[in-house]
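Engineer: I am sharing query30.txt, which consists of compact mmCIF, C-alpha atoms and all ligand atoms:
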```txt
# COMPACT_ATOMS: atom_id res chain seq x y z
CA MET S 1020 -16.52 -17.58 -13.44
CA ARG S 1021 -15.25 -21.14 -13.02
CA GLU S 1022 -12.86 -22.72 -15.54
CA ILE S 1023 -12.00 -26.41 -15.63
CA VAL S 1024 -8.45 -27.29 -16.64
CA SER S 1025 -7.60 -30.91 -17.47
CA PRO S 1026 -4.18 -32.51 -17.13
CA ALA S 1027 -2.00 -32.38 -20.26
CA LYS S 1028 0.83 -34.47 -21.65
CA ALA S 1029 2.27 -32.08 -24.21
CA VAL S 1030 2.59 -28.38 -25.07
CA SER S 1031 3.23 -27.24 -28.64
CA GLY S 1032 2.42 -24.59 -31.21
CA ILE S 1033 3.11 -20.98 -32.09
CA VAL S 1034 1.36 -18.25 -30.10
CA SER S 1035 1.47 -14.51 -29.66
CA LEU S 1036 0.37 -12.64 -26.55
CA PRO S 1037 -1.36 -9.41 -25.57
CA GLY S 1038 0.85 -6.33 -25.34
CA ASP S 1039 3.04 -5.77 -22.28
CA LYS S 1040 1.04 -4.38 -19.36
CA SER S 1041 3.83 -2.19 -17.97
CA ILE S 1042 4.71 -0.63 -21.33
CA SER S 1043 1.06 -0.09 -22.30
CA HIS S 1044 0.35 1.91 -19.13
CA ARG S 1045 3.33 4.16 -19.78
CA TYR S 1046 2.54 4.73 -23.45
CA GLY S 1047 -1.11 5.45 -22.60
CA MET S 1048 -0.20 8.05 -19.98
CA LEU S 1049 2.64 9.71 -21.87
CA ALA S 1050 0.69 9.88 -25.14
CA SER S 1051 -2.12 11.62 -23.24
CA ILE S 1052 0.10 14.39 -21.88
CA ALA S 1053 2.26 14.75 -25.03
CA GLU S 1054 1.49 17.39 -27.64
CA GLY S 1055 -0.19 15.93 -30.73
CA ASP S 1056 -1.26 12.44 -31.73
CA SER S 1057 0.23 9.03 -30.91
CA THR S 1058 -0.64 5.68 -32.42
CA ILE S 1059 -0.04 2.68 -30.18
CA ALA S 1060 -0.08 -0.75 -31.82
CA ASN S 1061 -0.64 -3.90 -29.72
CA TYR S 1062 -1.71 -1.87 -26.67
CA SER S 1063 -2.65 -4.36 -23.92
CA ILE S 1064 -6.28 -5.51 -24.06
CA GLY S 1065 -6.05 -6.37 -20.33
CA ALA S 1066 -8.50 -4.66 -17.96
CA ASP S 1067 -5.68 -2.85 -16.10
CA CYS S 1068 -4.45 -1.02 -19.18
CA GLN S 1069 -8.02 -0.23 -20.20
CA SER S 1070 -8.41 1.38 -16.75
CA THR S 1071 -5.49 3.65 -17.60
CA LEU S 1072 -7.10 4.65 -20.90
CA SER S 1073 -10.45 5.39 -19.24
CA CYS S 1074 -8.72 7.56 -16.62
CA MET S 1075 -6.84 9.47 -19.32
CA GLU S 1076 -10.06 9.91 -21.29
CA ALA S 1077 -11.79 11.25 -18.16
CA LEU S 1078 -8.89 13.69 -17.86
CA GLY S 1079 -9.52 15.02 -21.37
CA ALA S 1080 -7.31 12.92 -23.66
CA GLY S 1081 -8.97 11.89 -26.93
CA ILE S 1082 -8.81 8.10 -27.32
CA GLU S 1083 -9.90 6.10 -30.36
CA ARG S 1084 -9.23 2.72 -31.90
CA ASP S 1085 -8.53 2.28 -35.60
CA ALA S 1086 -9.53 -0.64 -37.84
CA GLN S 1087 -6.27 -2.49 -37.01
CA GLY S 1088 -7.05 -2.31 -33.27
CA ARG S 1089 -4.39 0.33 -32.65
CA VAL S 1090 -5.07 2.93 -29.98
CA ILE S 1091 -4.91 6.52 -31.23
CA VAL S 1092 -4.35 9.10 -28.50
CA HIS S 1093 -4.89 12.84 -29.02
CA GLY S 1094 -2.78 14.32 -26.24
CA GLY S 1095 -2.37 17.75 -24.67
CA ALA S 1096 -3.18 19.57 -21.45
CA LEU S 1097 -5.37 17.60 -19.05
CA ARG S 1098 -8.59 18.94 -17.57
CA GLU S 1099 -10.35 18.41 -14.27
CA PRO S 1100 -12.31 15.13 -14.35
CA LYS S 1101 -16.08 15.31 -13.78
CA ALA S 1102 -16.10 12.28 -11.48
CA GLN S 1103 -13.79 10.13 -9.37
CA LEU S 1104 -11.17 8.36 -11.50
CA ASP S 1105 -11.41 4.55 -11.45
CA ALA S 1106 -8.11 2.64 -11.54
CA GLY S 1107 -9.95 -0.71 -11.21
CA ASN S 1108 -7.54 -3.41 -10.03
CA SER S 1109 -4.48 -1.56 -11.29
CA GLY S 1110 -1.71 -0.53 -8.88
CA SER S 1111 0.32 0.79 -11.82
CA THR S 1112 -2.52 3.11 -12.87
CA ILE S 1113 -3.09 4.66 -9.47
CA ARG S 1114 0.58 4.93 -8.49
CA MET S 1115 1.95 6.26 -11.77
CA LEU S 1116 -1.00 8.51 -12.58
CA SER S 1117 -0.74 10.08 -9.10
CA GLY S 1118 2.55 11.61 -10.25
CA ILE S 1119 0.82 13.34 -13.15
CA LEU S 1120 -2.23 14.37 -11.10
CA ALA S 1121 -0.07 15.89 -8.35
CA ALA S 1122 1.12 18.54 -10.82
CA GLN S 1123 -2.22 19.53 -12.39
CA PRO S 1124 -3.99 22.80 -11.62
CA PHE S 1125 -7.01 20.95 -10.17
CA THR S 1126 -8.02 18.44 -7.51
CA SER S 1127 -8.85 14.87 -8.50
CA THR S 1128 -9.88 11.73 -6.65
CA ILE S 1129 -8.69 8.31 -7.75
CA ALA S 1130 -9.81 4.95 -6.38
CA GLY S 1131 -10.27 1.37 -7.52
CA ASP S 1132 -11.67 -2.02 -6.59
CA GLU S 1133 -11.56 -3.80 -3.22
CA SER S 1134 -8.09 -5.21 -3.79
CA LEU S 1135 -6.70 -1.80 -4.74
CA ALA S 1136 -8.31 -0.26 -1.65
CA ARG S 1137 -5.96 -2.44 0.45
CA ARG S 1138 -2.73 -1.57 -1.37
CA PRO S 1139 -0.25 0.87 0.21
CA MET S 1140 0.10 4.28 -1.41
CA ALA S 1141 2.27 6.01 1.23
CA ARG S 1142 5.21 5.08 -1.00
CA VAL S 1143 3.98 7.56 -3.65
CA ILE S 1144 2.40 10.07 -1.25
CA LYS S 1145 5.74 10.64 0.50
CA PRO S 1146 7.85 11.75 -2.49
CA LEU S 1147 4.98 13.66 -4.11
CA THR S 1148 4.44 15.57 -0.86
CA GLU S 1149 8.17 16.37 -0.79
CA MET S 1150 7.74 17.77 -4.30
CA GLY S 1151 4.99 20.08 -3.02
CA ALA S 1152 1.76 18.16 -3.69
CA SER S 1153 -1.01 17.72 -1.14
CA ILE S 1154 -2.61 14.27 -1.01
CA GLU S 1155 -5.25 12.81 1.30
CA ALA S 1156 -5.64 9.05 1.72
CA ARG S 1157 -7.61 6.69 3.93
CA GLU S 1158 -5.46 6.00 7.02
CA GLY S 1159 -2.75 8.04 5.33
CA THR S 1160 -2.00 5.34 2.77
CA TYR S 1161 -5.03 3.59 1.22
CA PRO S 1162 -7.16 4.67 -1.75
CA PRO S 1163 -9.20 6.68 -2.50
CA LEU S 1164 -6.50 9.31 -2.97
CA ILE S 1165 -7.63 12.92 -3.11
CA ILE S 1166 -4.86 14.69 -4.96
CA HIS S 1167 -4.68 18.47 -4.78
CA GLY S 1168 -2.44 19.45 -7.68
CA ARG S 1169 0.21 22.11 -7.05
CA SER S 1170 3.28 23.49 -8.80
CA LEU S 1171 5.95 20.99 -7.96
CA ARG S 1172 9.69 21.24 -7.46
CA GLY S 1173 12.19 18.58 -8.57
CA ILE S 1174 13.68 16.40 -5.83
CA ASP S 1175 16.57 14.04 -5.33
CA TYR S 1176 14.78 10.94 -4.03
CA SER S 1177 16.22 7.61 -2.86
CA LEU S 1178 13.55 4.93 -3.14
CA PRO S 1179 13.14 3.05 0.15
CA VAL S 1180 11.61 0.05 -1.70
CA ALA S 1181 12.61 -1.26 -5.11
CA SER S 1182 9.54 -0.24 -7.10
CA ALA S 1183 9.30 0.72 -10.75
CA GLN S 1184 5.84 2.14 -10.09
CA VAL S 1185 7.14 4.56 -7.47
CA LYS S 1186 10.16 5.49 -9.60
CA SER S 1187 7.81 6.16 -12.50
CA CYS S 1188 5.42 8.19 -10.35
CA VAL S 1189 8.23 10.53 -9.28
CA LEU S 1190 9.60 10.85 -12.82
CA LEU S 1191 6.15 11.63 -14.24
CA ALA S 1192 5.68 14.31 -11.57
CA GLY S 1193 9.17 15.56 -12.43
CA LEU S 1194 8.02 16.26 -16.00
CA PHE S 1195 5.92 19.15 -14.65
CA ALA S 1196 8.30 20.29 -11.87
CA GLN S 1197 10.61 23.27 -11.56
CA GLY S 1198 14.19 21.99 -11.55
CA ASP S 1199 15.66 18.56 -12.21
CA THR S 1200 14.36 15.36 -10.63
CA ILE S 1201 16.69 12.56 -9.57
CA VAL S 1202 15.48 9.11 -8.51
CA ARG S 1203 17.93 6.67 -6.94
CA GLU S 1204 17.03 2.98 -6.86
CA PRO S 1205 18.23 0.44 -4.28
CA VAL S 1206 18.28 -2.17 -7.07
CA ARG S 1207 17.64 -1.71 -10.77
CA THR S 1208 13.96 -2.14 -11.67
CA ARG S 1209 12.22 -2.23 -15.04
CA ASP S 1210 13.22 0.85 -17.05
CA HIS S 1211 10.22 1.15 -19.40
CA THR S 1212 9.41 4.64 -18.10
CA GLU S 1213 12.91 5.93 -18.78
CA ILE S 1214 12.88 4.43 -22.30
CA ALA S 1215 9.38 5.73 -23.07
CA LEU S 1216 10.14 9.21 -21.71
CA ARG S 1217 13.18 9.39 -24.01
CA GLU S 1218 11.04 8.28 -26.98
CA PHE S 1219 8.49 11.01 -26.28
CA GLY S 1220 11.28 13.62 -26.16
CA ALA S 1221 12.17 14.02 -22.46
CA ASP S 1222 15.75 14.72 -21.43
CA ILE S 1223 16.57 11.76 -19.20
CA THR S 1224 19.81 9.98 -18.34
CA THR S 1225 20.67 6.99 -16.18
CA GLU S 1226 23.97 6.53 -14.43
CA LYS S 1227 24.31 3.35 -12.40
CA ARG S 1228 21.11 3.40 -10.33
CA ALA S 1229 20.42 7.14 -10.49
CA ILE S 1230 17.99 8.50 -13.06
CA THR S 1231 18.03 12.23 -13.82
CA LEU S 1232 15.15 13.95 -15.59
CA ARG S 1233 15.96 17.48 -16.71
CA ALA S 1234 13.20 20.03 -16.41
CA GLY S 1235 11.63 21.81 -19.33
CA ALA S 1236 11.47 19.29 -22.19
CA LYS S 1237 8.25 19.10 -24.22
CA LEU S 1238 6.79 15.69 -25.03
CA HIS S 1239 5.57 14.99 -28.57
CA GLY S 1240 3.19 12.31 -29.84
CA ARG S 1241 4.78 9.18 -31.34
CA ASP S 1242 3.89 6.02 -33.24
CA LEU S 1243 4.67 3.08 -31.00
CA PHE S 1244 4.44 -0.69 -30.83
CA VAL S 1245 3.97 -2.61 -27.58
CA PRO S 1246 5.86 -5.93 -27.36
CA GLY S 1247 4.12 -9.07 -26.09
CA ASP S 1248 4.14 -9.37 -22.30
CA LEU S 1249 7.04 -11.46 -20.94
CA SER S 1250 5.25 -11.84 -17.60
CA SER S 1251 2.29 -13.41 -19.46
CA ALA S 1252 4.69 -15.53 -21.54
CA CYS S 1253 6.04 -16.90 -18.25
CA PHE S 1254 2.86 -18.94 -17.70
CA PHE S 1255 3.30 -20.66 -21.08
CA LEU S 1256 7.03 -21.16 -20.52
CA VAL S 1257 6.24 -22.89 -17.23
CA ALA S 1258 3.45 -24.93 -18.86
CA ALA S 1259 5.97 -26.20 -21.41
CA LEU S 1260 8.62 -26.89 -18.77
CA LEU S 1261 6.18 -29.03 -16.76
CA MET S 1262 5.75 -31.40 -19.74
CA GLN S 1263 7.88 -34.26 -20.97
CA ASP S 1264 6.88 -33.36 -24.50
CA ALA S 1265 7.10 -29.65 -25.33
CA ASP S 1266 8.10 -27.41 -28.20
CA LEU S 1267 6.43 -24.01 -28.14
CA VAL S 1268 7.22 -20.72 -29.88
CA ILE S 1269 5.94 -17.49 -28.33
CA GLN S 1270 6.22 -14.69 -30.87
CA GLY S 1271 7.12 -11.03 -30.40
CA VAL S 1272 7.81 -10.94 -26.67
CA GLY S 1273 9.49 -8.00 -24.90
CA VAL S 1274 12.97 -9.01 -23.74
CA ASN S 1275 14.11 -5.72 -22.20
CA PRO S 1276 17.19 -6.59 -20.08
CA THR S 1277 15.54 -5.15 -16.93
CA ARG S 1278 12.74 -7.72 -17.36
CA SER S 1279 14.57 -10.70 -18.84
CA ALA S 1280 16.04 -11.95 -15.55
CA LEU S 1281 13.26 -14.50 -15.97
CA LEU S 1282 15.04 -16.02 -18.97
CA ASP S 1283 18.40 -16.10 -17.15
CA TYR S 1284 16.78 -17.66 -14.08
CA LEU S 1285 15.08 -20.35 -16.17
CA ALA S 1286 18.29 -21.08 -18.09
CA GLY S 1287 20.05 -21.36 -14.70
CA VAL S 1288 17.66 -24.07 -13.52
CA GLY S 1289 18.11 -26.01 -16.76
CA ALA S 1290 15.37 -24.71 -19.10
CA SER S 1291 15.95 -24.91 -22.84
CA ILE S 1292 14.74 -21.52 -24.07
CA LYS S 1293 16.09 -19.78 -27.17
CA VAL S 1294 15.51 -16.09 -27.90
CA LEU S 1295 15.28 -15.65 -31.67
CA GLY S 1296 15.19 -12.72 -34.09
CA VAL S 1297 15.67 -9.89 -31.58
CA GLN S 1298 14.71 -6.44 -32.88
CA GLN S 1299 14.23 -2.99 -31.39
CA HIS S 1300 11.00 -0.96 -31.39
CA GLY S 1301 10.83 2.37 -29.59
CA GLY S 1302 13.92 1.50 -27.55
CA GLU S 1303 12.46 -1.83 -26.36
CA LEU S 1304 13.86 -5.22 -27.41
CA ILE S 1305 11.47 -7.80 -28.89
CA GLY S 1306 12.17 -11.44 -29.77
CA ASP S 1307 10.55 -14.84 -30.25
CA LEU S 1308 10.96 -17.43 -27.48
CA ARG S 1309 11.28 -21.13 -28.26
CA VAL S 1310 10.93 -23.40 -25.26
CA ARG S 1311 11.46 -27.14 -25.26
CA ALA S 1312 10.99 -29.89 -22.68
CA SER S 1313 13.78 -29.71 -20.10
CA ARG S 1314 14.93 -31.19 -16.83
CA ILE S 1315 14.54 -28.47 -14.18
CA HIS S 1316 16.60 -28.41 -11.01
CA ARG S 1317 16.37 -26.57 -7.70
CA GLY S 1318 15.84 -22.80 -7.79
CA ALA S 1319 16.57 -19.99 -5.33
CA ILE S 1320 15.30 -16.42 -5.64
CA ASP S 1321 16.57 -13.74 -3.28
CA GLY S 1322 18.15 -10.26 -3.10
CA PRO S 1323 17.89 -8.14 -6.28
CA LEU S 1324 16.66 -11.18 -8.23
CA THR S 1325 13.45 -11.16 -6.16
CA ALA S 1326 12.63 -7.63 -7.34
CA ALA S 1327 13.44 -8.60 -10.93
CA LEU S 1328 11.12 -11.65 -10.84
CA ILE S 1329 8.41 -10.35 -8.54
CA ASP S 1330 5.52 -10.83 -11.01
CA GLU S 1331 6.78 -14.23 -12.15
CA ILE S 1332 7.10 -15.83 -8.70
CA PRO S 1333 3.58 -17.42 -8.68
CA ALA S 1334 4.34 -19.30 -11.92
CA LEU S 1335 7.90 -20.13 -10.83
CA ALA S 1336 6.52 -21.52 -7.56
CA VAL S 1337 4.38 -23.97 -9.54
CA LEU S 1338 7.40 -24.96 -11.61
CA GLY S 1339 9.56 -25.40 -8.49
CA ALA S 1340 7.09 -27.57 -6.59
CA ALA S 1341 6.66 -29.92 -9.55
CA THR S 1342 10.37 -30.15 -10.41
CA GLY S 1343 13.47 -29.39 -8.36
CA GLY S 1344 12.04 -27.22 -5.54
CA LEU S 1345 12.23 -23.48 -4.90
CA THR S 1346 13.25 -21.18 -2.06
CA VAL S 1347 12.21 -17.52 -2.20
CA ARG S 1348 13.54 -14.84 0.17
CA ASP S 1349 13.40 -11.02 0.45
CA ALA S 1350 9.91 -11.05 -1.02
CA SER S 1351 7.80 -9.09 1.48
CA GLU S 1352 6.46 -7.14 -1.55
CA LEU S 1353 4.56 -10.31 -2.53
CA ARG S 1354 2.32 -9.69 0.45
CA VAL S 1355 1.06 -6.35 -0.97
CA LYS S 1356 0.34 -7.32 -4.59
CA GLU S 1357 -3.20 -7.81 -5.98
CA THR S 1358 -3.48 -10.38 -3.15
CA ASP S 1359 -1.04 -11.46 -0.46
CA ARG S 1360 0.58 -13.84 -2.94
CA ILE S 1361 2.44 -15.86 -0.31
CA ALA S 1362 -0.94 -16.60 1.33
CA THR S 1363 -2.84 -17.24 -1.92
CA LEU S 1364 -0.10 -19.53 -3.25
CA GLU S 1365 -0.11 -21.42 0.06
CA SER S 1366 -3.90 -21.86 0.19
CA ASN S 1367 -4.12 -23.17 -3.38
CA PHE S 1368 -1.11 -25.46 -3.03
CA LYS S 1369 -2.68 -26.85 0.13
CA ARG S 1370 -5.84 -27.73 -1.81
CA MET S 1371 -3.65 -29.64 -4.27
CA GLY S 1372 -1.85 -31.48 -1.47
CA VAL S 1373 1.39 -29.57 -2.08
CA GLU S 1374 3.38 -28.55 1.01
CA MET S 1375 4.73 -25.02 1.27
CA GLU S 1376 6.65 -23.53 4.21
CA THR S 1377 6.16 -19.78 4.50
CA THR S 1378 7.91 -16.92 6.28
CA ALA S 1379 7.04 -13.22 6.47
CA ALA S 1380 9.07 -12.52 3.34
CA GLY S 1381 9.33 -15.78 1.47
CA PHE S 1382 8.64 -19.49 1.21
CA HIS S 1383 10.12 -22.88 0.52
CA LEU S 1384 8.69 -25.59 -1.70
CA ALA S 1385 10.29 -29.01 -1.79
CA GLY S 1386 10.64 -30.39 -5.31
CA GLY S 1387 8.99 -33.37 -6.96
CA GLN S 1388 5.64 -32.87 -5.23
CA LYS S 1389 2.51 -34.51 -6.64
CA PHE S 1390 -0.30 -32.14 -7.67
CA HIS S 1391 -3.73 -33.56 -6.84
CA ALA S 1392 -6.95 -32.54 -8.59
CA ALA S 1393 -8.63 -29.81 -6.54
CA GLU S 1394 -11.04 -26.90 -6.47
CA LEU S 1395 -8.79 -23.85 -6.77
CA ASP S 1396 -9.50 -20.15 -6.32
CA SER S 1397 -7.89 -17.14 -7.99
CA CYS S 1398 -8.88 -14.99 -4.98
CA GLY S 1399 -9.43 -12.30 -7.62
CA ASP S 1400 -5.73 -12.21 -8.57
CA HIS S 1401 -4.88 -12.61 -12.27
CA ARG S 1402 -1.46 -14.15 -11.69
CA ILE S 1403 -2.81 -16.66 -9.15
CA ALA S 1404 -5.55 -17.68 -11.63
CA MET S 1405 -3.00 -18.28 -14.38
CA ALA S 1406 -0.34 -19.92 -12.18
CA PHE S 1407 -2.84 -22.50 -10.91
CA ALA S 1408 -4.32 -23.08 -14.36
CA VAL S 1409 -0.80 -24.11 -15.34
CA ALA S 1410 -0.44 -26.20 -12.15
CA ALA S 1411 -3.68 -27.99 -13.14
CA LEU S 1412 -1.97 -29.24 -16.31
CA ALA S 1413 0.33 -31.31 -14.09
CA ALA S 1414 -2.38 -32.55 -11.70
CA ASP S 1415 -3.72 -36.11 -11.46
CA GLY S 1416 -7.20 -35.07 -12.63
CA PRO S 1417 -9.20 -32.02 -13.78
CA CYS S 1418 -9.08 -28.94 -11.51
CA SER S 1419 -11.59 -26.11 -11.29
CA ILE S 1420 -10.48 -22.50 -10.88
CA ASP S 1421 -12.99 -20.09 -9.35
CA GLY S 1422 -12.67 -16.42 -10.21
CA ALA S 1423 -10.93 -17.41 -13.44
CA GLU S 1424 -12.11 -14.17 -15.10
CA SER S 1425 -9.47 -12.27 -13.13
CA ALA S 1426 -6.90 -13.50 -15.70
CA GLY S 1427 -8.41 -10.77 -17.91
CA VAL S 1428 -6.67 -8.12 -15.82
CA SER S 1429 -3.53 -8.76 -17.88
CA PHE S 1430 -4.44 -11.58 -20.29
CA PRO S 1431 -7.97 -11.81 -21.72
CA GLY S 1432 -8.29 -15.09 -23.64
CA PHE S 1433 -5.67 -16.84 -21.49
CA PHE S 1434 -7.71 -20.02 -20.95
CA ASP S 1435 -8.47 -20.41 -24.68
CA LYS S 1436 -4.80 -19.95 -25.56
CA LEU S 1437 -3.81 -22.47 -22.88
CA ARG S 1438 -6.20 -25.00 -24.41
CA GLU S 1439 -4.81 -24.24 -27.89
CA ILE S 1440 -1.26 -25.21 -26.92
CA THR S 1441 -1.97 -28.23 -24.71
CA ARG S 1442 -3.02 -31.78 -25.47
C1 LIG K 1 5.23 -2.65 -12.39
C2 LIG K 1 6.09 -2.74 -11.32
C3 LIG K 1 6.00 -3.79 -10.31
C4 LIG K 1 5.18 -4.96 -10.82
C5 LIG K 1 3.88 -4.52 -11.43
C6 LIG K 1 4.16 -3.63 -12.62
C7 LIG K 1 5.40 -1.55 -13.35
O1 LIG K 1 5.37 -3.27 -9.15
O2 LIG K 1 4.93 -5.86 -9.77
O3 LIG K 1 3.13 -5.63 -11.88
O4 LIG K 1 4.78 -1.59 -14.43
O5 LIG K 1 6.15 -0.61 -13.04
P1 LIG K 1 6.20 -2.48 -8.01
O6 LIG K 1 6.60 -1.18 -8.57
O7 LIG K 1 5.21 -2.34 -6.88
O8 LIG K 1 7.36 -3.35 -7.65
```
Could you write out this structure as structure tokens?

Structural biologist:
Amino acid sequence: MREIVSPAKAVSGIVSLPGDKSISHRYGMLASIAEGDSTIANYSIGADCQSTLSCMEALGAGIERDAQGRVIVHGGALREPKAQLDAGNSGSTIRMLSGILAAQPFTSTIAGDESLARRPMARVIKPLTEMGASIEAREGTYPPLIIHGRSLRGIDYSLPVASAQVKSCVLLAGLFAQGDTIVREPVRTRDHTEIALREFGADITTEKRAITLRAGAKLHGRDLFVPGDLSSACFFLVAALLMQDADLVIQGVGVNPTRSALLDYLAGVGASIKVLGVQQHGGELIGDLRVRASRIHRGAIDGPLTAALIDEIPALAVLGAATGGLTVRDASELRVKETDRIATLESNFKRMGVEMETTAAGFHLAGGQKFHAAELDSCGDHRIAMAFAVAALAADGPCSIDGAESAGVSFPGFFDKLREITR
């Protein structure tokens, strides 16, 4: 599908966003293996989180929606699926669910779309094998994964890459293991799994960068609410920050401190963003964001900050090129996301006449570059589709975006909402 996005002069209004993708996956999986019923309000309508629900349904969880759009999950023991599980485009689904599947008394196969078939899974196969599972993969790392469930033992595992998905995979496997499971992180990553596990009744503690899950706790169904997705909000924050005239309120966004490095980064480069009315739901912090037109200066993202902003880098690249410039380092993980995001950023910027210098693990964009009207391409990557839709607002004429439907992976309705807030 092709969308046309016209240049804009102003951003304003009050919007709310689909539920957080990361939190929805975790609630969907944990509710399915917990005893009893859970009700999840504002569960993400994005295709990725729907993939998680279909996998859990295929594994025997009862899943319904009530009149308010909440997801009701009837959890309990899982059963062998009748067919191959389909994780679609979702790295979170395949990596996190592998932890659960590795401990089941049956064999299951999980695969996904073409993009997922190119994403590395050795990072989850290695610790799960150490725990006692047996997993086959194409070339030892690529989906489909054939997971032979076994009784697992807890391990003490130091993550070689900073990855919340891998951390979560090991912790979810640890729920079924004999003995305690410890995961040590090189840098702190999003802690939604730890928070959700605690909410569902697991015995889990975090000390510095070591997370300990004690064996034996039973999980119980819960009523939960998913905050709006801060990574989706980022596209609207950047849209506002590209304008000379902007005053936008984004309601009910998750501002968990392990995700909100985005807000600190933006404040650091001069953005006027206020977080209002912060509340807690299920251990997660939720607030409204008010963003106003600002003068943005040069940005630099490296070290632990790169891991903390990894999903936001496409949007921040657009902001950097149009304003004060941006240098990104230590970001080799960008090359193994839904697309090689260094390459897909570069190819779209090139079409707009924007210069980008790239390295194996980063890039540099000079500031103050002019964005020219162009035919752009999502390359099937939701965050590239949305980042360049926002770039198009600052272009010198209308831009087309091919493969625009991929925005629906995390944010169905994105283009309509973008039109609602721009003029
Ligand atoms: C996620 C973790 C990150 C992030 C992804 C969601 C999660 O991936 O990029 O969009 O929900 O745990 P990695 O674990 O590969 O860093």

Engineer: Which residues are near segment 1164-1172 of chain S? Cut-off 8 Å, only C-alpha atoms, ignore same chain within fewer than 5 positions. Put them as a ChimeraX atom specification.

Structural biologist: /S:1117,1120-1130,1150-1157,1192-1193,1195-1198

Engineer: Show me which residues line ligand LIG 1 (chain K), defined as having an atom within 6 Å of a ligand atom where all atoms listed in the file count, and present them as a list in words.

Structural biologist: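 The residues within 6 Å of ligand LIG 1 (chain K), counting all atoms listed in the file, are Ser1041, Ser1111, Ser1182, Ala1183, Gln1184, Val1185, Ile1329 and Asp1330 of chain S.
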
Engineer: Mind pulling up the distance from atom CA of Gly1079 of chain S to atom CA of Asp1105 of chain S?

Structural biologist: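 Atom CA of Asp1105 of chain S sits 14.5 Å away from atom CA of Gly1079 of chain S.
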
Engineer: Determine the nearest neighbour of Gly1240 of chain S from the options S:Gly1220, S:Gly1296, S:Gly1318, S:Gly1131, counting all atoms listed in the file.

Structural biologist: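 Looking at the shortest contact to Gly1240 of chain S, the residue is S:Gly1220.
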
Engineer: For a quick check of understanding, using all atoms listed in the file, which of S:Ile1214, S:Cys1253, S:Leu1147, S:Ile1023 has the smallest distance to Thr1200 of chain S?

Structural biologist: S:Leu1147

Engineer: Under the rule that only C-alpha atoms are counted, which of S:Ser1025, S:Gln1388, S:Ser1134, S:Thr1231 is the nearest residue to Gly1344 of chain S?

Structural biologist: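 Closest to Gly1344 of chain S, using only C-alpha atoms: S:Gln1388.
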
Engineer: If you take only C-alpha atoms and a cut-off of 12 Å, which residues of segment 1047-1116 of chain S touch segment 1352-1363 of chain S, and what are their nearest atom pairs and distances in Å to one decimal, in chain and number order, as JSON lines?

Structural biologist:
```
{"residue": "S:Asp1067", "atom": "CA", "partner": "S:Glu1357", "partner_atom": "CA", "distance": 11.5}
{"residue": "S:Gly1107", "atom": "CA", "partner": "S:Glu1357", "partner_atom": "CA", "distance": 11.1}
{"residue": "S:Asn1108", "atom": "CA", "partner": "S:Glu1357", "partner_atom": "CA", "distance": 7.4}
{"residue": "S:Ser1109", "atom": "CA", "partner": "S:Glu1357", "partner_atom": "CA", "distance": 8.3}
{"residue": "S:Gly1110", "atom": "CA", "partner": "S:Glu1357", "partner_atom": "CA", "distance": 8.0}
{"residue": "S:Ser1111", "atom": "CA", "partner": "S:Lys1356", "partner_atom": "CA", "distance": 10.9}
```

Engineer: Any chance you can output those residues with C-alpha atoms as a PDB file, in the frame of the given file?

Structural biologist:
```pdb
ATOM      1  CA  ASP S1067      -5.680  -2.850 -16.100  1.00  0.00           C
ATOM      2  CA  GLY S1107      -9.950  -0.710 -11.210  1.00  0.00           C
ATOM      3  CA  ASN S1108      -7.540  -3.410 -10.030  1.00  0.00           C
ATOM      4  CA  SER S1109      -4.480  -1.560 -11.290  1.00  0.00           C
ATOM      5  CA  GLY S1110      -1.710  -0.530  -8.880  1.00  0.00           C
ATOM      6  CA  SER S1111       0.320   0.790 -11.820  1.00  0.00           C
TER       7      SER S1111
END
```

Engineer: Contacts of Phe1407 of chain S at 8 Å or less, counting all atoms listed in the file, minus same-chain residues fewer than 6 places along, as number ranges by chain?

Structural biologist: S: 1334, 1337, 1367, 1395, 1397, 1420

Engineer: Given the selection you just returned, output its residues as a file containing C-alpha atoms, formatted as an mmCIF file, keeping the file's coordinate frame.

Structural biologist:
```cif
data_model
loop_
_atom_site.group_PDB
_atom_site.id
_atom_site.type_symbol
_atom_site.label_atom_id
_atom_site.label_comp_id
_atom_site.auth_asym_id
_atom_site.auth_seq_id
_atom_site.Cartn_x
_atom_site.Cartn_y
_atom_site.Cartn_z
ATOM 1 C CA ALA S 1334 4.340 -19.300 -11.920
ATOM 2 C CA VAL S 1337 4.380 -23.970 -9.540
ATOM 3 C CA ASN S 1367 -4.120 -23.170 -3.380
ATOM 4 C CA LEU S 1395 -8.790 -23.850 -6.770
ATOM 5 C CA SER S 1397 -7.890 -17.140 -7.990
ATOM 6 C CA ILE S 1420 -10.480 -22.500 -10.880
#
```

Engineer: Counting only C-alpha atoms, what is within 6 Å of segment 1203-1205 of chain S, bar same-chain residues fewer than 6 positions away, as a ChimeraX atom specification?

Structural biologist: /S:1177-1178,1181,1228-1229

Engineer: Nearest to Ala1027 of chain S: which of S:Ile1320, S:Leu1261, S:Glu1394, S:Val1428 is it, counting all atoms listed in the file?

Structural biologist: S:Leu1261

Engineer: Which residue gives the smallest distance to Ser1057 of chain S among S:Leu1135, S:Leu1256, S:Leu1194, S:Leu1238, with only C-alpha atoms counted?

Structural biologist: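 Among the listed residues, S:Leu1238 lies closest to Ser1057 of chain S.
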
Engineer: Please indicate the distance in Å from atom CA of Ala1053 of chain S to atom CA of Ile1230 of chain S, rounded to one decimal place.

Structural biologist: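 Going from atom CA of Ala1053 of chain S over to atom CA of Ile1230 of chain S, I get 20.7 Å.
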